[in-house]
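Everything on this sheet refers to the single structure shown next.
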Amino acid sequence: MSEKVRFLNMANQSLPQWLLQEVGRRGEVKNKRDLDKDELYEYMQHVDIVLASGGSTITADDIKAMPKLRLITDCAVGYDKIDVAACKEHGVHVTHTPGVLNNDVADLAVGLLINVTRSLVAAHKYIENGNWGKTLFPLSTSMSDLKVGLAGIGSIGQEIAKRLEPFKTHIGYFARHRHDDLPYTYFEKIVDLAQWCDALIIIMPASKDNYHIVDDKVLDALKDGFLINVGRGSLVDTQALIDALESGHIKGVALDVFENEPHVPSSFLHMDNVVITPHIGSATQRTRRIMGQMVLDNIDAFLSGRELVNEVKETRS
């Protein structure tokens with residue numbers, strides 16, 4: 001491109017400053033949140049590239065409002081809130097950053113599982129509130145012999161399973177089809193997996209088919225069990241989950257993702273058997289550096305007319 005390249009930062013999570021500085025060396029960068037309505041409208045007429053992050057919402061109307069837009073580069077794996085069909089229709093390419101965050105998300109999933117089964121948050125509060133020596137702390141749940149169900153057995157799901165094996169857990173999984181190369185128990189229906197397991201870990205991509213796949217029926221099957229979600233908030237029916245917690249039907253919950261981020265239902269904030277984190281699955285310095293470099297690699301490939309590094313399948317030619 002001979003003209004100055006214009007970038008619009010529509011990331012709903014803060015992108016690293018070094019990344020924004022590098023992008024700034026390649027053109028003009030403006031943040032959507034810094035522009036008023038009229039300024040945003042005017043700038044969108046000239047935008048070539050949009051910067052996005054996990055959970056960024058980019059609608060068909062947004063895409064139509066940027067007639068020069070040709071690339072959306074998402075500093076995340078998930079891109080379920082980007083209207084890729086509209087992108088395809090308007091000749092807009094979409095890239096993301098797959099593969100590099102598998103280990104970090106798997107680590108967090110296992111950490112959340114240990115945290116909620118061993119009641120670590122409640123134990124901290126127990127000491128903080130001065131109860132040690134005055135009352136008995138309730139017994140928690142052992143990881144050994146725990147039956148753990150994985151809803152999703154892709155690359156991250158398999159990394160979680162590998163980490164669980166040394167804890168002497170029993171592992172089952174739900175997926176669209178059986179993986180004959182895996183030694184774990186396969187379930188055709190998620191409700192059957194929930195009924196079998198003691199702890200259900202959700203690690204699936206968001207889609208129309210998966211919306212609220214964990215509903216009241218699945219939670220009913222998970223009686224006296226634990227739910228961990230490191231996938232997407234839309235996979236779980238939040239109200240059904242709150243009802244299951246408040247009724248004591250399930251033992252505990254650990255969540256890194258929510259339906260309406262960054263808003264978290266107040267019900268989750270005052271329960272000792274709930275562990276919540278602010279969507280930090282990939283939030284380590286090493287991984288975010290690699291993800292940022294992938295964003296730059298895709299921008300540079302686009303600007304030089306080379307093949308994009310990590311284009312999503314929906315917008316490929």
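So you can find residues: chains in the structure tokens are A, B, ... in the order shown, residues in each start at 1, and ligands are numbered from 1 in order.
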
* If we count only C-alpha atoms, what is near Val100 of chain A at a cut-off of 10 Å, once residues fewer than 6 positions away on the same chain are taken out, given as a count of residues only? -> 9

* Asked: Within 10 Å of Phe137 of chain A, counting only C-alpha atoms, which residues qualify if same-chain residues fewer than 2 places away don't, as a list of chain:residue names?
  -> A:Ser119, A:Ala122, A:Ala123, A:Tyr126, A:Ile127, A:Asn131, A:Trp132, A:Gly133, A:Lys134, A:Thr135, A:Leu139, A:Ser140

* To do: Check the DSSP output for the backbone and give back, as a ChimeraX atom specification, the residues of segment 70-190 of chain A in helix (DSSP H, G or I).
  => /A:84-89,102-117,120-128,155-167,190

* To do: Rank nothing, just name the residue among A:Leu303, A:Val274, A:Ile203, A:Ala194 nearest to Asp216 of chain A, using only C-alpha atoms.
  => A:Ala194

* Contacts of Thr141 of chain A at 12 Å (only C-alpha atoms; same-chain gap of 2+ positions) as a ChimeraX atom specification -> /A:113-120,138-139,143-147,198-199,224-226,251-252,273

* Spatial neighbours of Cys197 of chain A, max dist 12 Å, only C-alpha atoms, sep filter under 4 positions, as a ChimeraX atom specification -> /A:145-151,169-174,185-187,190-193,201,218-219,221-227
